[in-house]
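Have a look at start.cif; it's mmCIF, C-alpha atoms:
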data_entry
loop_
_atom_site.label_atom_id
_atom_site.label_comp_id
_atom_site.auth_asym_id
_atom_site.auth_seq_id
_atom_site.Cartn_x
_atom_site.Cartn_y
_atom_site.Cartn_z
CA MET A 268 50.81 13.27 97.77
CA ALA A 269 54.11 15.14 98.15
CA ILE A 270 56.27 15.50 95.06
CA GLU A 271 59.70 14.01 95.68
CA PRO A 272 62.70 13.47 93.43
CA PRO A 273 62.84 10.08 91.65
CA SER A 274 63.84 7.39 94.11
CA HIS A 275 66.20 5.44 91.86
CA PRO A 276 69.51 6.71 90.42
CA PHE A 277 68.60 5.52 86.90
CA ALA A 278 64.96 6.66 87.08
CA PRO A 279 63.67 7.41 83.58
CA LYS A 280 62.57 10.83 82.44
CA PHE A 281 59.39 11.93 80.73
CA GLU A 282 58.68 14.49 78.06
CA PHE A 283 55.16 15.90 77.63
CA ALA A 284 53.80 14.64 74.29
CA PHE A 285 50.20 15.84 73.94
CA THR A 286 46.79 16.11 75.60
CA VAL A 287 43.76 14.33 74.14
CA SER A 288 40.27 15.66 74.97
CA ILE A 289 37.45 13.27 74.08
CA ASP A 290 33.69 13.55 74.35
CA LEU A 291 32.16 10.15 75.11
CA THR A 292 28.83 8.58 74.23
CA ALA A 293 26.60 7.04 76.88
CA PRO A 294 27.86 3.57 77.85
CA ILE A 295 26.31 0.23 76.99
CA TRP A 296 26.66 -2.27 79.86
CA LEU A 297 27.10 -6.04 79.62
CA LYS A 298 26.84 -7.78 82.96
CA PRO A 299 27.96 -10.23 83.95
CA THR A 300 30.06 -11.32 81.01
CA SER A 301 31.78 -14.64 80.39
CA MET A 302 34.90 -12.94 81.84
CA GLY A 303 33.11 -12.90 85.20
CA ALA A 304 32.96 -9.13 85.34
CA THR A 305 30.98 -6.25 83.91
CA ARG A 306 32.03 -4.94 80.51
CA ALA A 307 31.13 -1.52 79.23
CA ALA A 308 31.25 -0.07 75.72
CA ILE A 309 31.73 3.68 75.29
CA TRP A 310 32.47 5.40 71.99
CA ALA A 311 34.70 8.37 71.28
CA ALA A 312 32.12 10.79 69.87
CA GLN A 313 34.64 13.50 68.98
CA GLY A 314 37.80 15.10 70.25
CA THR A 315 41.04 16.93 69.65
CA PHE A 316 44.67 16.51 70.65
CA GLU A 317 47.54 18.95 70.88
CA GLY A 318 51.17 18.97 71.95
CA PRO A 319 54.52 20.52 71.07
CA ARG A 320 55.20 18.09 68.17
CA ILE A 321 51.77 17.04 66.96
CA LYS A 322 48.12 18.05 66.97
CA GLY A 323 44.93 16.99 65.30
CA ARG A 324 41.56 15.42 66.01
CA VAL A 325 40.00 12.22 67.24
CA ILE A 326 38.19 10.68 64.25
CA PRO A 327 34.55 10.75 65.45
CA MET A 328 33.10 7.33 66.33
CA SER A 329 36.27 5.56 65.08
CA GLY A 330 36.30 3.43 68.21
CA GLY A 331 36.03 3.66 71.94
CA ASP A 332 36.74 1.98 75.23
CA PHE A 333 35.60 -1.54 76.11
CA PRO A 334 36.67 -1.82 79.75
CA LEU A 335 36.12 -4.61 82.24
CA VAL A 336 34.83 -3.53 85.64
CA ARG A 337 36.14 -5.89 88.30
CA PRO A 338 33.93 -6.98 91.21
CA ASN A 339 36.04 -4.73 93.50
CA GLY A 340 35.23 -1.70 91.32
CA VAL A 341 38.59 -1.36 89.54
CA ILE A 342 38.05 -0.42 85.86
CA ASP A 343 40.51 -2.16 83.51
CA PHE A 344 40.59 -0.12 80.27
CA ASP A 345 40.76 -1.50 76.74
CA ALA A 346 40.49 1.47 74.37
CA ARG A 347 40.96 1.53 70.62
CA TYR A 348 40.27 4.47 68.32
CA LEU A 349 41.83 6.61 65.60
CA LEU A 350 43.54 9.98 65.72
CA GLU A 351 44.19 12.09 62.66
CA ALA A 352 47.15 14.48 62.70
CA ASP A 353 46.85 17.92 61.08
CA ASP A 354 48.85 16.65 58.06
CA GLY A 355 46.20 13.96 57.46
CA THR A 356 48.16 11.03 58.95
CA PRO A 357 45.82 8.48 60.57
CA ILE A 358 47.10 7.03 63.87
CA TYR A 359 45.68 3.94 65.59
CA LEU A 360 45.66 4.23 69.38
CA GLN A 361 45.28 1.20 71.63
CA SER A 362 45.37 1.86 75.33
CA ARG A 363 45.13 -0.06 78.58
CA GLY A 364 45.17 1.12 82.17
CA TYR A 365 43.18 1.50 85.35
CA ARG A 366 40.68 3.76 87.09
CA TRP A 367 39.75 3.25 90.73
CA ALA A 368 39.19 5.28 93.89
CA GLU A 369 38.73 4.99 97.60
CA GLY A 370 35.39 6.05 99.11
CA ASP A 371 32.48 7.13 96.91
CA ALA A 372 34.42 8.90 94.11
CA MET A 373 33.69 6.09 91.60
CA ASP A 374 29.94 6.38 92.31
CA ARG A 375 30.07 10.15 91.87
CA MET A 376 31.94 9.78 88.55
CA ALA A 377 29.36 7.20 87.42
CA ARG A 378 26.66 9.83 88.10
CA ASN A 379 28.62 12.29 85.87
CA GLU A 380 29.48 14.55 88.81
CA ASP A 381 32.68 16.62 88.92
CA VAL A 382 35.35 14.80 90.92
CA GLY A 383 38.80 16.21 91.66
CA ALA A 384 41.72 14.57 89.84
CA ASP A 385 43.41 13.84 93.19
CA GLU A 386 40.43 11.75 94.35
CA TYR A 387 40.99 8.83 91.98
CA TYR A 388 43.67 6.88 90.12
CA MET A 389 43.34 6.98 86.32
CA ARG A 390 46.52 6.06 84.48
CA VAL A 391 46.89 4.51 81.03
CA SER A 392 49.60 3.27 78.72
CA PRO A 393 48.85 3.54 75.00
CA LYS A 394 50.59 2.08 72.00
CA PHE A 395 50.35 3.62 68.59
CA ASP A 396 50.33 2.16 65.10
CA VAL A 397 51.53 4.85 62.74
CA PRO A 398 52.92 4.98 59.20
CA GLU A 399 56.61 5.69 58.67
CA GLY A 400 57.18 9.42 58.50
CA PRO A 401 57.16 12.46 60.77
CA HIS A 402 55.05 10.78 63.48
CA ASP A 403 56.77 7.36 63.62
CA TRP A 404 58.31 8.27 67.04
CA LEU A 405 54.86 7.35 68.40
CA GLY A 406 55.46 3.72 67.38
CA LYS A 407 58.73 3.21 69.23
CA HIS A 408 58.34 4.88 72.62
CA ILE A 409 56.50 3.97 75.80
CA PHE A 410 53.92 6.53 76.87
CA VAL A 411 52.08 7.10 80.12
CA GLY A 412 48.73 8.88 80.18
CA ILE A 413 47.69 10.82 83.27
CA ALA A 414 43.95 11.00 82.81
CA GLU A 415 41.20 13.26 84.09
CA LYS A 416 37.64 11.95 84.24
CA ILE A 417 35.32 14.76 83.29
CA PRO A 418 31.54 14.32 83.12
CA LYS A 419 30.82 12.59 79.76
CA ALA A 420 34.43 13.18 78.64
CA ASN A 421 38.08 12.31 79.26
CA ARG A 422 41.16 14.48 79.17
CA ILE A 423 44.38 12.48 78.96
CA HIS A 424 47.85 14.03 79.24
CA TYR A 425 50.40 11.78 77.53
CA PHE A 426 54.06 11.72 78.52
CA MET A 427 56.76 9.98 76.50
CA LEU A 428 59.25 7.86 78.43
CA LEU A 429 62.70 8.96 77.24
CA MET B 164 46.76 23.24 76.43
CA ASN B 165 50.46 22.43 76.06
CA ASP B 166 50.84 22.77 79.81
CA PRO B 167 50.97 19.35 81.44
CA GLN B 168 48.60 20.06 84.32
CA VAL B 169 49.13 16.69 85.99
CA PRO B 170 52.75 15.55 85.64
CA ALA B 171 53.71 11.87 85.85
CA HIS B 172 55.58 10.84 88.98
CA LEU B 173 57.18 7.47 89.55
CA ASP B 174 58.05 5.31 92.53
CA TYR B 175 60.82 2.74 92.19
CA VAL B 176 59.26 -0.65 93.03
CA PHE B 177 61.70 -3.42 92.11
CA GLU B 178 64.42 -4.57 89.80
CA MET B 179 64.93 -8.03 88.34
CA ARG B 180 67.88 -9.81 86.84
CA VAL B 181 66.58 -11.91 83.92
CA GLU B 182 68.87 -14.71 82.79
CA PHE B 183 68.51 -16.13 79.29
CA ARG B 184 69.05 -19.56 77.77
CA PRO B 185 71.32 -20.05 74.75
CA GLU B 186 68.39 -21.34 72.65
CA ARG B 187 67.42 -17.73 71.86
CA CYS B 188 66.72 -17.23 68.15
CA THR B 189 64.81 -15.24 65.57
CA PHE B 190 63.05 -16.61 62.52
CA GLY B 191 61.37 -15.14 59.48
CA PRO B 192 60.63 -13.18 57.47
CA LEU B 193 56.98 -13.30 58.59
CA PRO B 194 54.13 -12.94 56.09
CA GLY B 195 53.19 -9.57 57.64
CA GLY B 196 56.80 -8.36 57.70
CA GLY B 197 59.43 -8.58 60.41
CA HIS B 198 60.85 -11.57 62.25
CA GLN B 199 59.70 -13.56 65.28
CA GLY B 200 62.05 -13.73 68.25
CA TYR B 201 62.25 -16.32 71.02
CA THR B 202 64.33 -15.73 74.13
CA PRO B 203 63.72 -18.31 76.86
CA CYS B 204 64.43 -17.25 80.44
CA SER B 205 66.25 -19.68 82.73
CA GLY B 206 65.40 -17.72 85.89
CA GLY B 207 66.41 -14.67 87.85
CA THR B 208 66.22 -12.68 91.04
CA ILE B 209 63.95 -9.84 92.16
CA TYR B 210 65.05 -7.17 94.62
CA GLY B 211 63.90 -3.68 95.57
CA PRO B 212 61.87 -1.70 98.07
CA ARG B 213 58.43 -3.21 97.37
CA LEU B 214 59.03 -6.68 95.87
CA GLN B 215 61.62 -9.38 96.52
CA GLY B 216 61.72 -12.90 95.17
CA ILE B 217 62.66 -14.90 92.10
CA ILE B 218 61.68 -15.51 88.52
CA VAL B 219 60.43 -19.10 88.58
CA PRO B 220 63.09 -21.05 86.63
CA ASP B 221 62.14 -21.83 83.01
CA SER B 222 58.70 -20.25 83.50
CA GLY B 223 58.65 -18.18 80.37
CA ALA B 224 60.23 -16.42 77.45
CA ASP B 225 60.22 -13.28 75.41
CA PHE B 226 58.35 -13.62 72.11
CA ALA B 227 59.43 -10.34 70.57
CA VAL B 228 58.67 -9.25 67.02
CA VAL B 229 61.60 -7.65 65.22
CA ARG B 230 60.09 -5.08 62.89
CA ASP B 231 61.58 -4.25 59.51
CA ASP B 232 62.64 -0.84 60.89
CA GLY B 233 64.83 -2.74 63.38
CA THR B 234 62.68 -2.01 66.44
CA VAL B 235 62.24 -5.04 68.68
CA VAL B 236 58.68 -5.15 70.07
CA VAL B 237 59.23 -6.91 73.38
CA ASN B 238 56.48 -9.27 74.62
CA SER B 239 57.73 -11.45 77.44
CA HIS B 240 55.83 -13.72 79.80
CA TYR B 241 57.34 -14.86 83.10
CA LEU B 242 56.10 -16.23 86.39
CA LEU B 243 57.43 -14.39 89.43
CA GLU B 244 57.39 -15.69 92.99
CA ALA B 245 57.59 -13.20 95.84
CA ASP B 246 59.41 -14.07 99.06
CA ASP B 247 56.02 -14.65 100.76
CA GLY B 248 55.17 -17.31 98.14
CA THR B 249 52.77 -15.18 96.07
CA LYS B 250 52.82 -16.07 92.37
CA ILE B 251 52.69 -13.14 89.94
CA TYR B 252 52.35 -13.36 86.16
CA ILE B 253 54.14 -10.57 84.31
CA ASN B 254 53.52 -9.69 80.69
CA ASN B 255 56.33 -7.30 79.85
CA ARG B 256 55.66 -5.31 76.70
CA GLY B 257 57.82 -2.58 75.27
CA TYR B 258 60.36 -1.48 72.71
CA LEU B 259 64.05 -2.12 72.21
CA VAL B 260 65.58 0.15 69.56
CA PRO B 261 69.13 -1.04 68.81
CA SER B 262 71.84 1.59 68.89
CA LYS B 263 73.59 2.51 65.66
CA PRO B 264 77.10 1.01 65.32
CA GLY B 265 79.46 2.77 67.73
CA GLU B 266 76.73 4.99 69.24
CA GLY B 267 75.20 3.21 72.26
CA VAL B 268 76.13 4.16 75.81
CA ILE B 269 78.43 1.58 77.42
CA VAL B 270 77.32 0.35 80.87
CA HIS B 271 79.34 -2.35 82.67
CA GLY B 272 81.26 -2.91 79.43
CA VAL B 273 78.15 -3.60 77.33
CA ARG B 274 76.92 -1.28 74.58
CA GLN B 275 73.31 -0.40 75.40
CA PRO B 276 70.35 -0.10 73.02
CA ALA B 277 69.26 3.40 72.00
CA TYR B 278 65.92 2.72 73.71
CA PHE B 279 64.79 -0.12 76.00
CA CYS B 280 61.55 0.61 77.91
CA PHE B 281 58.44 -1.28 78.95
CA SER B 282 54.85 -1.01 80.06
CA PRO B 283 54.21 -4.30 81.90
CA THR B 284 51.00 -5.76 83.29
CA PHE B 285 50.85 -7.95 86.38
CA THR B 286 48.24 -10.57 87.17
CA VAL B 287 48.24 -10.87 90.95
CA PRO B 288 46.00 -12.78 93.39
CA GLU B 289 44.15 -10.90 96.13
CA GLY B 290 46.49 -10.22 99.01
CA PRO B 291 49.50 -8.10 99.90
CA HIS B 292 50.64 -7.59 96.30
CA ASP B 293 47.23 -6.98 94.67
CA TRP B 294 47.96 -3.24 94.30
CA MET B 295 50.28 -4.23 91.42
CA GLY B 296 47.22 -5.39 89.48
CA ARG B 297 45.56 -1.95 89.55
CA THR B 298 48.63 0.27 89.21
CA LEU B 299 50.26 1.40 85.99
CA PHE B 300 53.96 0.54 85.72
CA VAL B 301 56.78 1.50 83.42
CA GLY B 302 60.16 -0.18 83.19
CA THR B 303 63.60 0.29 81.75
CA GLY B 304 66.08 -2.35 80.60
CA HIS B 305 69.83 -2.73 80.53
CA ARG B 306 71.73 -5.43 78.64
CA ARG B 307 74.49 -7.40 80.37
CA THR B 308 76.72 -10.27 79.31
CA ASP B 309 78.78 -13.10 80.89
CA PRO B 310 76.37 -14.74 81.33
CA ASP B 311 73.71 -13.40 78.93
CA HIS B 312 71.19 -11.44 81.04
CA SER B 313 69.30 -8.16 81.36
CA ILE B 314 68.40 -5.91 84.28
CA PHE B 315 64.78 -4.68 84.22
CA THR B 316 63.86 -1.83 86.59
CA TYR B 317 60.19 -1.13 87.34
CA TYR B 318 58.43 2.01 88.57
CA ALA B 319 54.81 2.57 89.60
CA VAL B 320 53.03 5.61 88.19
CA ARG B 321 51.87 7.47 91.24
CA GLN B 322 48.41 8.80 91.98
#

Show me the file's structure as structure tokens.
Amino acid sequence: MAIEPPSHPFAPKFEFAFTVSIDLTAPIWLKPTSMGATRAAIWAAQGTFEGPRIKGRVIPMSGGDFPLVRPNGVIDFDARYLLEADDGTPIYLQSRGYRWAEGDAMDRMARNEDVGADEYYMRVSPKFDVPEGPHDWLGKHIFVGIAEKIPKANRIHYFMLL
Amino acid sequence: MNDPQVPAHLDYVFEMRVEFRPERCTFGPLPGGGHQGYTPCSGGTIYGPRLQGIIVPDSGADFAVVRDDGTVVVNSHYLLEADDGTKIYINNRGYLVPSKPGEGVIVHGVRQPAYFCFSPTFTVPEGPHDWMGRTLFVGTGHRRTDPDHSIFTYYAVRQ
């Protein structure tokens, strides 16, 4: 899709915050659930994050993603896990968002095949619970995550809405 | 790794004028800290390139939590009705950080918060607006007075 200037005079601006790279466990599937859809459970096995203002690690097996898969194939994320900044600060991340695609890209991702980032839509919005201190900016800004689905892993680029 | 390989791009979708009732209040302190807010919405209008309609009158309110650091954690629930009759439930979540005395930008004569942004979710039936239920949105807010209302502007995060 062509890159155009923002289409509204007051369009907000983003600042790159950090990229999180996570290795994922194999999923457990529950289907169908009482929500009328398929739910999956996938844990964050390990990971790291890095950006201009903060870096650290994903606390291994501190949580994961518990998404609903709608009958039309749209995945509705519900992720919760812990980050730990290099200064030892623990940070709780809770994220929601969507992954879907036209054609067979979802099937190929489910088979852990490489799929180009332009073949699917994977966008998330996290919120952070963080102690007062050098990282408390995480707890009072909206973030958007532009995510890449990698076989058995995710790479999510977070941008802060200014 | 600091290079954002896939930048975020937005499309302006719609704007809504949200009108408030005078019963708005906050109460507390809460056992876990902070105060509970209640801001009922009397109605409003929706306009923009991809959605037009109304906020169904008296269909919802904002139940924000005012944290002890002064940040207002917005959590509003309204029912929208598009011009084609489609009902849409919006849960508008975000942050309002009040400006320090004398510091906020003044727009239309009203001093604006230091930060007023959202990440809403939409529950939409199958049909012409169902893309809103699988697309990530962000929003920005502006405060207005006479009468008490806000302007919320929403953007879709592009593929």

Run the PyMOL selection byres ((chain B) within 10 of (chain A)) on the file and write out the hits as JSON, numbers by chain. {"B": [164, 165, 166, 167, 168, 169, 170, 171, 172, 173, 174, 175, 176, 177, 232, 234, 235, 236, 256, 257, 258, 259, 260, 278, 279, 280, 281, 282, 283, 284, 296, 297, 298, 299, 300, 301, 302, 303, 316, 317, 318, 320, 321, 322]}

Evaluate the PyMOL selection byres ((chain B and resi 210-222) around 7) here and jot the selected residues down as a PDB file with C-alpha atoms, keeping the file's coordinate frame.
ATOM      1  CA  VAL B 176      59.260  -0.650  93.030  1.00  0.00           C
ATOM      2  CA  PHE B 177      61.700  -3.420  92.110  1.00  0.00           C
ATOM      3  CA  GLU B 178      64.420  -4.570  89.800  1.00  0.00           C
ATOM      4  CA  MET B 179      64.930  -8.030  88.340  1.00  0.00           C
ATOM      5  CA  CYS B 204      64.430 -17.250  80.440  1.00  0.00           C
ATOM      6  CA  SER B 205      66.250 -19.680  82.730  1.00  0.00           C
ATOM      7  CA  GLY B 206      65.400 -17.720  85.890  1.00  0.00           C
ATOM      8  CA  GLY B 207      66.410 -14.670  87.850  1.00  0.00           C
ATOM      9  CA  THR B 208      66.220 -12.680  91.040  1.00  0.00           C
ATOM     10  CA  ILE B 209      63.950  -9.840  92.160  1.00  0.00           C
ATOM     11  CA  GLY B 223      58.650 -18.180  80.370  1.00  0.00           C
ATOM     12  CA  TYR B 241      57.340 -14.860  83.100  1.00  0.00           C
ATOM     13  CA  LEU B 242      56.100 -16.230  86.390  1.00  0.00           C
ATOM     14  CA  LEU B 243      57.430 -14.390  89.430  1.00  0.00           C
ATOM     15  CA  GLU B 244      57.390 -15.690  92.990  1.00  0.00           C
ATOM     16  CA  ALA B 245      57.590 -13.200  95.840  1.00  0.00           C
ATOM     17  CA  ASP B 246      59.410 -14.070  99.060  1.00  0.00           C
TER      18      ASP B 246
END

Between B:Asp231, B:Asp225, B:Glu186, B:Ser313, which is the closest to His198 of chain B once you count only C-alpha atoms?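 Ranked by minimum distance to His198 of chain B, first place goes to B:Asp231.
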
For atom CA of Ala346 of chain A and atom CA of Arg378 of chain A, the interatomic separation in Å (one decimal): 21.2 Å

Between B:Gln275, B:Thr202, B:Thr308, B:Thr286, which is the closest to Val228 of chain B once you count only C-alpha atoms?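 Smallest distance to Val228 of chain B is found for B:Thr202.
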
Closest to His305 of chain B among B:Arg187, B:Pro276, B:Pro291, B:Ala319, using only C-alpha atoms?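 So, comparing all the options, the nearest one is B:Pro276.
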
What would segment 263-282 of chain B look like if you wrote it out as a PDB file, in the first residue's frame, with C-alpha atoms included, from the block I just posted?
ATOM      1  CA  LYS B 263      -0.041  21.832  34.483  1.00  0.00           C
ATOM      2  CA  PRO B 264      -1.566  25.209  35.441  1.00  0.00           C
ATOM      3  CA  GLY B 265      -0.980  27.711  32.628  1.00  0.00           C
ATOM      4  CA  GLU B 266       0.731  25.160  30.339  1.00  0.00           C
ATOM      5  CA  GLY B 267      -1.900  23.500  28.126  1.00  0.00           C
ATOM      6  CA  VAL B 268      -2.373  24.503  24.499  1.00  0.00           C
ATOM      7  CA  ILE B 269      -5.532  26.587  23.999  1.00  0.00           C
ATOM      8  CA  VAL B 270      -7.836  25.384  21.197  1.00  0.00           C
ATOM      9  CA  HIS B 271     -11.149  27.184  20.561  1.00  0.00           C
ATOM     10  CA  GLY B 272     -10.642  29.051  23.834  1.00  0.00           C
ATOM     11  CA  VAL B 273     -10.283  25.894  25.948  1.00  0.00           C
ATOM     12  CA  ARG B 274      -7.042  24.851  27.632  1.00  0.00           C
ATOM     13  CA  GLN B 275      -6.254  21.323  26.453  1.00  0.00           C
ATOM     14  CA  PRO B 276      -4.892  18.394  28.472  1.00  0.00           C
ATOM     15  CA  ALA B 277      -1.191  17.593  28.126  1.00  0.00           C
ATOM     16  CA  TYR B 278      -2.191  14.205  26.673  1.00  0.00           C
ATOM     17  CA  PHE B 279      -5.576  12.859  25.540  1.00  0.00           C
ATOM     18  CA  CYS B 280      -5.352   9.690  23.404  1.00  0.00           C
ATOM     19  CA  PHE B 281      -7.254   6.433  23.027  1.00  0.00           C
ATOM     20  CA  SER B 282      -7.140   2.881  21.781  1.00  0.00           C
TER      21      SER B 282
END
